[in-house]
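Dropping start_33.txt in here (compact mmCIF, C-alpha atoms and all ligand atoms):
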```
# COMPACT_ATOMS: atom_id res chain seq x y z
CA MET A 1 14.37 12.82 -23.18
CA LYS A 2 11.76 15.49 -23.77
CA LEU A 3 8.24 14.85 -22.60
CA TYR A 4 5.24 16.34 -24.29
CA TYR A 5 2.55 15.32 -21.79
CA LYS A 6 0.70 18.27 -20.30
CA GLY A 7 -2.46 17.24 -18.53
CA MET A 8 -3.21 13.83 -17.07
CA LEU A 9 -6.19 12.03 -15.62
CA ALA A 10 -6.01 11.60 -11.84
CA VAL A 11 -8.35 10.20 -9.22
CA HIS A 12 -9.28 12.67 -6.50
CA LEU A 13 -10.58 11.69 -3.09
CA GLU A 14 -11.92 14.28 -0.67
CA ASN A 15 -14.63 14.26 2.03
CA GLY A 16 -15.53 10.69 1.16
CA VAL A 17 -16.17 11.45 -2.52
CA VAL A 18 -14.15 9.92 -5.38
CA THR A 19 -13.93 11.98 -8.58
CA THR A 20 -11.53 12.23 -11.51
CA ARG A 21 -9.86 15.44 -12.63
CA THR A 22 -7.21 16.68 -14.99
CA LEU A 23 -3.96 17.62 -13.25
CA PRO A 24 -0.55 18.65 -14.57
CA VAL A 25 1.89 15.76 -15.03
CA PRO A 26 4.05 15.84 -11.87
CA ALA A 27 7.57 17.23 -12.09
CA ARG A 28 10.28 14.63 -11.51
CA PRO A 29 12.68 15.58 -8.70
CA GLU A 30 16.28 14.36 -8.86
CA GLY A 31 16.57 10.71 -7.87
CA PHE A 32 12.92 10.09 -8.72
CA ALA A 33 11.33 8.22 -11.61
CA LEU A 34 8.28 9.42 -13.51
CA LEU A 35 5.91 6.45 -13.75
CA ARG A 36 2.96 5.70 -16.01
CA LEU A 37 0.28 3.58 -14.35
CA LEU A 38 -0.42 0.17 -15.92
CA ALA A 39 -2.61 -1.27 -13.14
CA GLY A 40 -3.55 -0.26 -9.62
CA GLY A 41 -5.27 -2.22 -6.86
CA ILE A 42 -7.86 -0.71 -4.52
CA CYS A 43 -7.20 -1.90 -0.98
CA ASN A 44 -8.96 -1.49 2.34
CA THR A 45 -6.64 1.37 3.21
CA ASP A 46 -8.00 3.31 0.22
CA LEU A 47 -11.53 2.66 1.44
CA GLU A 48 -10.51 3.82 4.92
CA LEU A 49 -9.07 7.01 3.41
CA GLN A 50 -12.46 7.49 1.78
CA ARG A 51 -14.08 7.14 5.21
CA GLY A 52 -11.92 9.98 6.50
CA TYR A 53 -8.95 8.17 8.02
CA TYR A 54 -5.88 10.56 7.99
CA GLY A 55 -8.20 13.43 6.88
CA PHE A 56 -7.00 12.56 3.40
CA ALA A 57 -7.57 14.80 0.37
CA GLY A 58 -5.73 14.13 -2.88
CA THR A 59 -4.76 11.31 -5.22
CA PRO A 60 -4.92 7.89 -3.48
CA GLY A 61 -3.34 4.63 -4.67
CA HIS A 62 -0.35 2.64 -3.43
CA GLU A 63 -0.71 -0.82 -5.01
CA PHE A 64 0.49 -0.50 -8.59
CA VAL A 65 2.41 -1.72 -11.60
CA ALA A 66 3.82 1.06 -13.78
CA GLU A 67 6.16 1.72 -16.66
CA VAL A 68 9.14 4.00 -16.06
CA VAL A 69 8.80 6.99 -18.39
CA ALA A 70 11.77 9.01 -17.17
CA ALA A 71 14.51 8.43 -14.59
CA ASP A 72 18.09 9.43 -13.76
CA THR A 73 19.14 5.82 -14.40
CA PRO A 74 18.78 5.22 -18.15
CA ALA A 75 18.48 1.42 -17.69
CA LEU A 76 15.21 1.91 -15.76
CA VAL A 77 13.42 3.77 -18.57
CA GLY A 78 10.88 1.53 -20.27
CA ARG A 79 10.98 -1.07 -17.45
CA ARG A 80 7.83 -2.39 -15.82
CA VAL A 81 8.08 -1.86 -12.07
CA ALA A 82 6.32 -2.14 -8.73
CA GLY A 83 7.41 0.06 -5.85
CA GLU A 84 7.76 0.36 -2.09
CA ILE A 85 5.25 2.90 -0.85
CA ASN A 86 7.24 4.52 1.99
CA LEU A 87 9.39 7.47 0.94
CA ALA A 88 11.99 7.43 3.71
CA CYS A 89 14.43 10.24 4.53
CA THR A 90 17.44 7.83 4.21
CA HIS A 91 19.48 9.44 7.02
CA CYS A 92 17.61 8.99 10.33
CA GLU A 93 18.32 6.22 12.84
CA TRP A 94 15.59 3.97 11.39
CA CYS A 95 16.70 4.49 7.81
CA ARG A 96 20.31 3.69 8.75
CA ARG A 97 19.05 0.41 10.24
CA GLY A 98 17.35 -0.46 6.94
CA LEU A 99 13.90 0.20 8.44
CA GLY A 100 12.78 3.09 6.26
CA ARG A 101 9.24 1.77 6.64
CA HIS A 102 9.44 3.19 10.20
CA CYS A 103 11.19 6.45 9.25
CA PRO A 104 9.43 9.17 11.29
CA ASN A 105 10.02 11.66 8.44
CA ARG A 106 8.54 9.44 5.75
CA THR A 107 5.80 10.30 3.33
CA VAL A 108 3.70 7.46 1.92
CA LEU A 109 2.53 7.05 -1.67
CA GLY A 110 -1.17 7.85 -1.88
CA ILE A 111 -1.57 7.92 1.91
CA VAL A 112 0.63 10.56 3.60
CA ARG A 113 1.77 13.71 1.75
CA HIS A 114 2.78 12.07 -1.55
CA PRO A 115 0.34 11.90 -4.49
CA GLY A 116 -0.69 8.34 -5.17
CA ALA A 117 -0.66 5.91 -8.05
CA PHE A 118 -4.27 6.29 -9.19
CA ALA A 119 -3.27 8.75 -11.88
CA GLU A 120 -1.88 8.39 -15.39
CA PHE A 121 1.50 9.58 -14.05
CA PHE A 122 3.10 9.73 -10.61
CA THR A 123 6.59 9.77 -9.10
CA LEU A 124 8.59 7.63 -6.68
CA PRO A 125 12.29 7.56 -5.74
CA GLU A 126 14.24 5.21 -8.00
CA ARG A 127 15.46 3.31 -4.91
CA ASN A 128 11.82 2.36 -4.16
CA LEU A 129 11.37 0.57 -7.48
CA HIS A 130 11.59 -3.14 -8.25
CA ALA A 131 11.83 -4.13 -11.90
CA LEU A 132 9.44 -6.97 -12.68
CA PRO A 133 10.39 -10.15 -14.55
CA ASP A 134 8.88 -10.17 -18.07
CA ASP A 135 7.05 -13.45 -17.47
CA VAL A 136 4.96 -12.12 -14.54
CA PRO A 137 1.69 -10.67 -15.86
CA THR A 138 0.75 -7.18 -14.68
CA SER A 139 -2.47 -8.51 -13.12
CA ARG A 140 -0.36 -10.74 -10.81
CA ALA A 141 2.38 -8.20 -10.15
CA VAL A 142 -0.14 -5.65 -8.86
CA PHE A 143 -0.42 -7.91 -5.77
CA LEU A 144 3.24 -7.42 -4.84
CA GLU A 145 2.60 -4.76 -2.18
CA PRO A 146 -0.09 -6.71 -0.27
CA LEU A 147 1.94 -9.92 -0.71
CA ALA A 148 4.90 -8.14 0.90
CA ALA A 149 2.60 -7.23 3.80
CA ALA A 150 1.75 -10.93 4.18
CA CYS A 151 5.43 -11.90 4.01
CA GLU A 152 6.24 -9.39 6.76
CA ILE A 153 4.93 -11.94 9.29
CA LEU A 154 7.79 -14.30 8.46
CA ASP A 155 10.30 -11.45 8.75
CA GLN A 156 9.05 -10.69 12.25
CA VAL A 157 8.48 -14.08 13.85
CA ALA A 158 10.48 -17.28 13.37
CA ILE A 159 7.75 -19.89 13.01
CA PRO A 160 9.35 -23.38 13.02
CA ALA A 161 9.03 -25.26 9.72
CA GLY A 162 5.82 -27.22 9.22
CA GLU A 163 4.00 -25.67 12.21
CA ARG A 164 0.22 -25.30 12.34
CA VAL A 165 -0.83 -21.67 11.92
CA ALA A 166 -4.39 -20.39 12.26
CA VAL A 167 -5.47 -17.45 10.09
CA LEU A 168 -8.66 -15.59 11.02
CA GLY A 169 -10.41 -13.73 8.22
CA ASP A 170 -11.00 -14.42 4.54
CA GLY A 171 -10.75 -10.89 3.12
CA LYS A 172 -8.02 -9.92 0.67
CA LEU A 173 -5.22 -9.80 3.24
CA GLY A 174 -6.39 -12.91 5.10
CA LEU A 175 -6.36 -14.89 1.86
CA LEU A 176 -2.91 -13.62 0.84
CA ILE A 177 -1.54 -14.47 4.30
CA ALA A 178 -3.00 -17.99 4.10
CA LEU A 179 -1.55 -18.51 0.60
CA VAL A 180 1.89 -17.19 1.58
CA LEU A 181 2.15 -19.28 4.77
CA ASN A 182 0.91 -22.37 2.92
CA ALA A 183 3.45 -21.79 0.12
CA HIS A 184 6.15 -21.66 2.83
CA GLY A 185 5.16 -25.13 4.02
CA TYR A 186 3.13 -24.28 7.11
CA ARG A 187 -0.07 -26.19 7.87
CA VAL A 188 -2.55 -23.35 7.59
CA HIS A 189 -6.02 -23.46 9.11
CA GLN A 190 -8.05 -20.54 7.82
CA PHE A 191 -11.31 -19.45 9.41
CA GLY A 192 -13.67 -17.21 7.45
CA ARG A 193 -17.29 -16.45 6.68
CA HIS A 194 -17.46 -16.86 2.90
CA ALA A 195 -17.26 -20.31 1.29
CA ALA A 196 -16.39 -18.87 -2.14
CA LYS A 197 -13.45 -16.89 -0.75
CA LEU A 198 -12.16 -19.73 1.40
CA ALA A 199 -12.26 -21.93 -1.70
CA ILE A 200 -9.44 -19.84 -3.23
CA ALA A 201 -7.16 -20.89 -0.36
CA ALA A 202 -8.58 -24.41 -0.10
CA ARG A 203 -7.59 -25.17 -3.72
CA THR A 204 -3.92 -24.67 -2.74
CA GLY A 205 -4.13 -27.06 0.21
CA VAL A 206 -5.10 -24.67 3.00
CA HIS A 207 -7.47 -26.30 5.50
CA THR A 208 -10.45 -23.96 5.63
CA GLU A 209 -13.42 -23.69 7.94
CA ILE A 210 -16.47 -21.49 8.10
CA ALA A 211 -16.05 -19.61 11.37
CA THR A 212 -18.91 -20.42 13.70
CA ALA A 213 -19.75 -18.95 17.05
CA VAL A 214 -17.61 -21.66 18.62
CA LEU A 215 -13.98 -21.36 17.56
CA PRO A 216 -11.33 -23.74 18.90
CA VAL A 217 -9.96 -22.60 22.26
CA ALA A 218 -6.23 -22.68 23.15
CA ALA A 219 -5.55 -24.72 20.04
CA TYR A 220 -2.69 -23.01 18.15
CA ASP A 221 0.78 -21.70 18.97
CA TRP A 222 0.55 -19.22 16.07
CA VAL A 223 -2.60 -17.25 15.25
CA VAL A 224 -2.89 -14.45 12.69
CA ASP A 225 -5.83 -12.05 13.02
CA ALA A 226 -6.73 -10.57 9.62
CA THR A 227 -10.44 -10.12 10.24
CA GLY A 228 -10.38 -6.34 10.41
CA SER A 229 -12.71 -6.48 13.41
CA PRO A 230 -12.26 -6.06 17.18
CA GLU A 231 -13.95 -9.46 17.71
CA GLY A 232 -11.24 -11.02 15.52
CA LEU A 233 -8.50 -10.03 17.93
CA ARG A 234 -10.46 -11.33 20.91
CA SER A 235 -11.06 -14.64 19.09
CA ALA A 236 -7.40 -14.87 18.11
CA ILE A 237 -6.32 -14.47 21.74
CA ALA A 238 -8.77 -17.16 22.86
CA MET A 239 -7.51 -19.55 20.17
CA THR A 240 -3.86 -19.23 21.18
CA ARG A 241 -2.14 -21.76 23.43
CA PRO A 242 -0.12 -20.65 26.46
CA ARG A 243 3.19 -19.00 25.41
CA GLY A 244 1.81 -18.71 21.87
CA THR A 245 1.99 -15.75 19.50
CA VAL A 246 -0.84 -13.65 18.06
CA ILE A 247 0.03 -11.66 14.93
CA LEU A 248 -2.15 -8.57 14.51
CA LYS A 249 -2.76 -7.84 10.85
CA SER A 250 -6.11 -6.04 11.25
CA THR A 251 -5.96 -2.28 11.30
CA VAL A 252 -9.04 -1.45 13.33
CA HIS A 253 -9.52 2.28 13.82
CA GLY A 254 -10.66 3.41 17.19
CA THR A 255 -10.12 1.57 20.44
CA VAL A 256 -10.42 -2.19 20.74
CA GLY A 257 -11.86 -3.32 24.04
CA LEU A 258 -9.68 -6.14 25.24
CA ASP A 259 -9.54 -8.37 28.31
CA THR A 260 -5.81 -8.52 28.95
CA ALA A 261 -6.12 -11.33 31.54
CA PRO A 262 -5.81 -14.22 29.02
CA VAL A 263 -2.81 -12.49 27.43
CA ILE A 264 -1.07 -12.21 30.80
CA VAL A 265 -2.17 -15.53 32.30
CA ASN A 266 -1.25 -17.46 29.15
CA GLU A 267 1.88 -15.34 28.59
CA LEU A 268 0.99 -14.62 24.98
CA THR A 269 3.13 -12.56 22.64
CA LEU A 270 1.24 -9.97 20.57
CA VAL A 271 3.01 -8.88 17.39
CA GLY A 272 1.77 -5.91 15.38
CA SER A 273 2.47 -6.27 11.68
CA ARG A 274 2.12 -3.82 8.77
CA CYS A 275 3.83 -3.66 5.37
CA GLY A 276 6.87 -5.61 4.32
CA ARG A 277 9.90 -5.94 2.02
CA PHE A 278 9.19 -6.47 -1.66
CA GLU A 279 12.28 -8.70 -2.01
CA ALA A 280 10.61 -11.37 0.13
CA ALA A 281 7.42 -11.27 -1.95
CA LEU A 282 8.91 -11.09 -5.45
CA PRO A 283 9.62 -14.85 -5.84
CA LEU A 284 6.01 -15.62 -4.82
CA LEU A 285 4.69 -13.92 -7.96
CA ALA A 286 5.83 -16.99 -9.89
CA HIS A 287 4.75 -19.52 -7.22
CA PRO A 288 2.02 -21.96 -8.34
CA LEU A 289 0.58 -22.07 -4.80
CA VAL A 290 -0.01 -18.30 -4.76
CA PRO A 291 -2.80 -17.85 -7.34
CA VAL A 292 -3.38 -14.16 -6.60
CA GLU A 293 -5.35 -13.52 -9.81
CA GLY A 294 -8.16 -15.55 -8.23
CA LEU A 295 -8.71 -12.55 -5.92
CA ILE A 296 -9.54 -10.15 -8.76
CA ALA A 297 -13.24 -9.27 -8.56
CA ALA A 298 -13.44 -6.55 -11.22
CA ARG A 299 -11.37 -4.29 -13.48
CA PHE A 300 -12.23 -0.69 -14.37
CA PRO A 301 -10.54 1.95 -16.50
CA LEU A 302 -8.97 4.74 -14.44
CA SER A 303 -11.67 7.13 -15.71
CA ASP A 304 -14.31 4.96 -13.98
CA ALA A 305 -12.61 5.22 -10.58
CA PRO A 306 -15.81 6.37 -8.79
CA GLN A 307 -17.60 3.19 -9.90
CA ALA A 308 -14.51 1.12 -9.07
CA PHE A 309 -14.38 2.48 -5.51
CA ALA A 310 -18.12 1.85 -5.09
CA ARG A 311 -17.65 -1.73 -6.26
CA ALA A 312 -14.66 -2.29 -3.96
CA ALA A 313 -16.69 -1.04 -1.00
CA GLU A 314 -19.48 -3.57 -1.58
CA LYS A 315 -19.58 -6.27 1.06
CA GLY A 316 -17.60 -9.37 0.21
CA VAL A 317 -15.91 -7.95 -2.92
CA LEU A 318 -12.23 -8.90 -3.22
CA LYS A 319 -9.66 -7.00 -5.32
CA VAL A 320 -10.80 -4.29 -7.74
CA LEU A 321 -8.21 -3.14 -10.28
CA LEU A 322 -7.87 0.21 -12.07
CA GLU A 323 -6.24 0.05 -15.48
ZN ZN B 401 -2.87 -1.48 0.53
ZN ZN B 402 14.45 8.21 7.89
```

Can you turn what I pasted into structure tokens?
Amino acid sequence: MKLYYKGMLAVHLENGVVTTRTLPVPARPEGFALLRLLAGGICNTDLELQRGYYGFAGTPGHEFVAEVVAADTPALVGRRVAGEINLACTHCEWCRRGLGRHCPNRTVLGIVRHPGAFAEFFTLPERNLHALPDDVPTSRAVFLEPLAAACEILDQVAIPAGERVAVLGDGKLGLLIALVLNAHGYRVHQFGRHAAKLAIAARTGVHTEIATAVLPVAAYDWVVDATGSPEGLRSAIAMTRPRGTVILKSTVHGTVGLDTAPVIVNELTLVGSRCGRFEAALPLLAHPLVPVEGLIAARFPLSDAPQAFARAAEKGVLKVLLE
């Protein structure tokens, strides 16, 4: 198949400034697919890149739905896909164990040394792609990557069926975690600061509470911190019962001051948790208790990326999409 595209629109992020520019359409290495962006989601990581995290300069974007324009595998061409963001080396110890997300040689779409999805065209290895069912709308499927991050918790810790789980935080990830755990049958208690955001989870049966200065103490065996703040982790530790587990979903940059005594005295388990397998999240795109489209705050064309980033950075704004 011959392609006639020459230039393409791409978002550029450097020194905290988001611009758009015209770049050549990327060449497609062997084993890679050339993808055309249908929708992208701006996440907190993108906003952190804007703040200077990783000293990033280039095209951001790692939450996406795209159409395959060209690929080695003919059956993929024309398919609508989402994709795993870690480009693993496939031959190191971690890759051989099926943990390419921890491959020390990896690059990461739109984050580490691989141009991201906020461009008309971008590339990913074919093995990273997941074809999407036709009946899942693009505006739902764009949540697959953050949903996989929420599902990662259940890959890491075996929470007994029907247990009570506390979730701290009502940002995008906190809401997705609450929805995912609730859809899996856990009794989720979510603590947040915004009634309108908590309402998204409450409508699916999550028990929600506005977090006050006084949070329950030693009340849960399982506590997920998704607040994105150092205080969140301290609260999560205080809320956990002896021998309980705290799952750390907040990426706080810099050092978090922490009194380790309650962790040691109460023999708590701290579990760090990052991104997850798309296979676990894929069925949730069709789940009635996971109404992800309720998280969409605004949609912008790719050419308005500077405005879209500004909107996403406003306090309390949930998911902003680029289309
Ligand atoms: Zn993200
Ligand atoms: Zn590897």

Throw together the list of residues within 7 Å of ligand ZN 402 (chain B), counting only C-alpha atoms and all ligand atoms, and drop it here as a ChimeraX atom specification. /A:88-95,100,103-106

Selection file, C-alpha atoms, as a PDB file, in the coordinates of the input:
```
ATOM      1  CA  ALA A  88      11.990   7.430   3.710  1.00  0.00           C
ATOM      2  CA  CYS A  89      14.430  10.240   4.530  1.00  0.00           C
ATOM      3  CA  THR A  90      17.440   7.830   4.210  1.00  0.00           C
ATOM      4  CA  HIS A  91      19.480   9.440   7.020  1.00  0.00           C
ATOM      5  CA  CYS A  92      17.610   8.990  10.330  1.00  0.00           C
ATOM      6  CA  GLU A  93      18.320   6.220  12.840  1.00  0.00           C
ATOM      7  CA  TRP A  94      15.590   3.970  11.390  1.00  0.00           C
ATOM      8  CA  CYS A  95      16.700   4.490   7.810  1.00  0.00           C
ATOM      9  CA  GLY A 100      12.780   3.090   6.260  1.00  0.00           C
ATOM     10  CA  CYS A 103      11.190   6.450   9.250  1.00  0.00           C
ATOM     11  CA  PRO A 104       9.430   9.170  11.290  1.00  0.00           C
ATOM     12  CA  ASN A 105      10.020  11.660   8.440  1.00  0.00           C
ATOM     13  CA  ARG A 106       8.540   9.440   5.750  1.00  0.00           C
TER      14      ARG A 106
END
```

Need the shell around region 70-76 of chain A: protein/DNA/RNA residues with any atom at most 9 Å away, counting all atoms listed in the file. Skip same-chain ones fewer than 5 positions apart. Format as a ChimeraX atom specification? /A:1,3,28,30-35,81,126,131

What's around Gln307 (chain A) at 10 Å? Count all atoms listed in the file, leave out sequence neighbours fewer than 6 positions away in its own chain, and write the answer as a ChimeraX atom specification. /A:18-19,300-301,313

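With only C-alpha atoms and all ligand atoms as the atoms that count, the set of residues no farther than 8 Å from ligand ZN 401 (chain B) is Gly41, Ile42, Cys43, Asn44, Thr45, Asp46, His62, Glu63, Glu145 and Pro146 of chain A.
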
Within 9 Å of (-2.6, 22.9, -21.3) in the file's own coordinates, which protein, DNA or RNA residues have an atom, counting only C-alpha atoms? List them as number ranges by chain. A: 6-7, 24

The residue from A:Ala119, A:Leu147, A:Ile111, A:Ile247 with the smallest atom-to-atom distance to Val165 (chain A), counting all atoms listed in the file, is A:Ile247

The residue from A:Ala238, A:Ala310, A:Leu248, A:Leu23 with the smallest atom-to-atom distance to Val265 (chain A), counting all atoms listed in the file, is A:Ala238

Taking into account only C-alpha atoms, which residue in the set A:Ala82, A:Ala149, A:Ala261, A:Val290 is nearest to Ala202 (chain A)?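 Using only C-alpha atoms, Ala202 (chain A) sits closest to A:Val290.
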
From the set A:Ile296, A:Leu322, A:Val252, A:Ala10, which residue has the shortest atom-to-atom contact distance to Val65 (chain A), counting all atoms listed in the file? A:Leu322

Selected residue of minimal separation from Glu293 (chain A) among A:Ala312, A:Val136, A:Val25, A:Val157, counting only C-alpha atoms: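 When distances to Glu293 (chain A) are compared using only C-alpha atoms, the smallest one comes from A:Val136.
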
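In terms of minimum interatomic distance to Val17 (chain A), A:Ala57 ranks closest within A:Leu37, A:Arg127, A:Ala57, A:Pro160, counting only C-alpha atoms.
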
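CA of Arg36 (chain A) to CA of Gly16 (chain A) spans 25.7 Å [interatomic distance, one decimal].
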
If you keep all heavy atoms, can you output region 292-302 of chain A as a PDB file, in the first residue's frame?
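As written to disk, selection-v7.pdb reads:
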```pdb
ATOM      1  N   VAL A 292     -17.611   5.196  31.897  1.00  0.00           N
ATOM      2  CA  VAL A 292     -16.440   6.071  31.785  1.00  0.00           C
ATOM      3  C   VAL A 292     -16.739   7.390  31.069  1.00  0.00           C
ATOM      4  O   VAL A 292     -16.099   8.413  31.345  1.00  0.00           O
ATOM      5  CB  VAL A 292     -15.259   5.363  31.073  1.00  0.00           C
ATOM      6  CG1 VAL A 292     -14.646   4.314  31.972  1.00  0.00           C
ATOM      7  CG2 VAL A 292     -15.713   4.746  29.755  1.00  0.00           C
ATOM      8  N   GLU A 293     -17.734   7.379  30.156  1.00  0.00           N
ATOM      9  CA  GLU A 293     -17.976   8.616  29.391  1.00  0.00           C
ATOM     10  C   GLU A 293     -18.432   9.748  30.306  1.00  0.00           C
ATOM     11  O   GLU A 293     -18.302  10.922  29.954  1.00  0.00           O
ATOM     12  CB  GLU A 293     -18.964   8.387  28.243  1.00  0.00           C
ATOM     13  CG  GLU A 293     -20.313   7.842  28.630  1.00  0.00           C
ATOM     14  CD  GLU A 293     -20.331   6.312  28.681  1.00  0.00           C
ATOM     15  OE1 GLU A 293     -19.346   5.711  29.189  1.00  0.00           O
ATOM     16  OE2 GLU A 293     -21.326   5.723  28.254  1.00  0.00           O
ATOM     17  N   GLY A 294     -18.925   9.386  31.507  1.00  0.00           N
ATOM     18  CA  GLY A 294     -19.293  10.408  32.485  1.00  0.00           C
ATOM     19  C   GLY A 294     -18.103  11.227  32.964  1.00  0.00           C
ATOM     20  O   GLY A 294     -18.271  12.283  33.575  1.00  0.00           O
ATOM     21  N   LEU A 295     -16.880  10.741  32.696  1.00  0.00           N
ATOM     22  CA  LEU A 295     -15.671  11.466  33.117  1.00  0.00           C
ATOM     23  C   LEU A 295     -15.209  12.503  32.090  1.00  0.00           C
ATOM     24  O   LEU A 295     -14.297  13.272  32.349  1.00  0.00           O
ATOM     25  CB  LEU A 295     -14.514  10.484  33.366  1.00  0.00           C
ATOM     26  CG  LEU A 295     -14.420   9.865  34.764  1.00  0.00           C
ATOM     27  CD1 LEU A 295     -15.545   8.864  34.984  1.00  0.00           C
ATOM     28  CD2 LEU A 295     -13.088   9.160  34.961  1.00  0.00           C
ATOM     29  N   ILE A 296     -15.836  12.490  30.910  1.00  0.00           N
ATOM     30  CA  ILE A 296     -15.370  13.411  29.855  1.00  0.00           C
ATOM     31  C   ILE A 296     -15.838  14.830  30.177  1.00  0.00           C
ATOM     32  O   ILE A 296     -17.027  15.105  30.294  1.00  0.00           O
ATOM     33  CB  ILE A 296     -15.896  12.986  28.466  1.00  0.00           C
ATOM     34  CG1 ILE A 296     -15.391  11.583  28.118  1.00  0.00           C
ATOM     35  CG2 ILE A 296     -15.464  13.997  27.395  1.00  0.00           C
ATOM     36  CD1 ILE A 296     -16.013  10.980  26.865  1.00  0.00           C
ATOM     37  N   ALA A 297     -14.858  15.729  30.321  1.00  0.00           N
ATOM     38  CA  ALA A 297     -15.178  17.121  30.661  1.00  0.00           C
ATOM     39  C   ALA A 297     -15.250  17.999  29.424  1.00  0.00           C
ATOM     40  O   ALA A 297     -16.005  18.966  29.388  1.00  0.00           O
ATOM     41  CB  ALA A 297     -14.128  17.672  31.621  1.00  0.00           C
ATOM     42  N   ALA A 298     -14.440  17.691  28.416  1.00  0.00           N
ATOM     43  CA  ALA A 298     -14.394  18.537  27.213  1.00  0.00           C
ATOM     44  C   ALA A 298     -13.707  17.783  26.091  1.00  0.00           C
ATOM     45  O   ALA A 298     -12.943  16.850  26.331  1.00  0.00           O
ATOM     46  CB  ALA A 298     -13.623  19.826  27.502  1.00  0.00           C
ATOM     47  N   ARG A 299     -14.025  18.187  24.857  1.00  0.00           N
ATOM     48  CA  ARG A 299     -13.386  17.615  23.661  1.00  0.00           C
ATOM     49  C   ARG A 299     -12.865  18.760  22.813  1.00  0.00           C
ATOM     50  O   ARG A 299     -13.558  19.760  22.632  1.00  0.00           O
ATOM     51  CB  ARG A 299     -14.412  16.843  22.815  1.00  0.00           C
ATOM     52  CG  ARG A 299     -15.090  15.703  23.530  1.00  0.00           C
ATOM     53  CD  ARG A 299     -16.400  15.377  22.797  1.00  0.00           C
ATOM     54  NE  ARG A 299     -17.155  14.360  23.492  1.00  0.00           N
ATOM     55  CZ  ARG A 299     -17.162  13.068  23.134  1.00  0.00           C
ATOM     56  NH1 ARG A 299     -16.487  12.675  22.077  1.00  0.00           N
ATOM     57  NH2 ARG A 299     -17.848  12.195  23.831  1.00  0.00           N
ATOM     58  N   PHE A 300     -11.654  18.614  22.298  1.00  0.00           N
ATOM     59  CA  PHE A 300     -11.046  19.642  21.451  1.00  0.00           C
ATOM     60  C   PHE A 300     -10.484  18.980  20.195  1.00  0.00           C
ATOM     61  O   PHE A 300     -10.026  17.830  20.263  1.00  0.00           O
ATOM     62  CB  PHE A 300      -9.873  20.313  22.182  1.00  0.00           C
ATOM     63  CG  PHE A 300     -10.259  21.204  23.326  1.00  0.00           C
ATOM     64  CD1 PHE A 300     -10.496  20.673  24.589  1.00  0.00           C
ATOM     65  CD2 PHE A 300     -10.369  22.580  23.159  1.00  0.00           C
ATOM     66  CE1 PHE A 300     -10.842  21.483  25.662  1.00  0.00           C
ATOM     67  CE2 PHE A 300     -10.709  23.403  24.223  1.00  0.00           C
ATOM     68  CZ  PHE A 300     -10.951  22.859  25.477  1.00  0.00           C
ATOM     69  N   PRO A 301     -10.477  19.700  19.067  1.00  0.00           N
ATOM     70  CA  PRO A 301      -9.722  19.164  17.925  1.00  0.00           C
ATOM     71  C   PRO A 301      -8.231  19.197  18.234  1.00  0.00           C
ATOM     72  O   PRO A 301      -7.780  20.025  19.042  1.00  0.00           O
ATOM     73  CB  PRO A 301     -10.083  20.115  16.770  1.00  0.00           C
ATOM     74  CG  PRO A 301     -10.594  21.352  17.413  1.00  0.00           C
ATOM     75  CD  PRO A 301     -11.112  20.984  18.778  1.00  0.00           C
ATOM     76  N   LEU A 302      -7.480  18.300  17.600  1.00  0.00           N
ATOM     77  CA  LEU A 302      -6.036  18.211  17.849  1.00  0.00           C
ATOM     78  C   LEU A 302      -5.349  19.569  17.673  1.00  0.00           C
ATOM     79  O   LEU A 302      -4.434  19.915  18.419  1.00  0.00           O
ATOM     80  CB  LEU A 302      -5.440  17.182  16.876  1.00  0.00           C
ATOM     81  CG  LEU A 302      -3.995  16.751  17.092  1.00  0.00           C
ATOM     82  CD1 LEU A 302      -3.828  16.074  18.443  1.00  0.00           C
ATOM     83  CD2 LEU A 302      -3.548  15.815  15.973  1.00  0.00           C
TER      84      LEU A 302
END
```
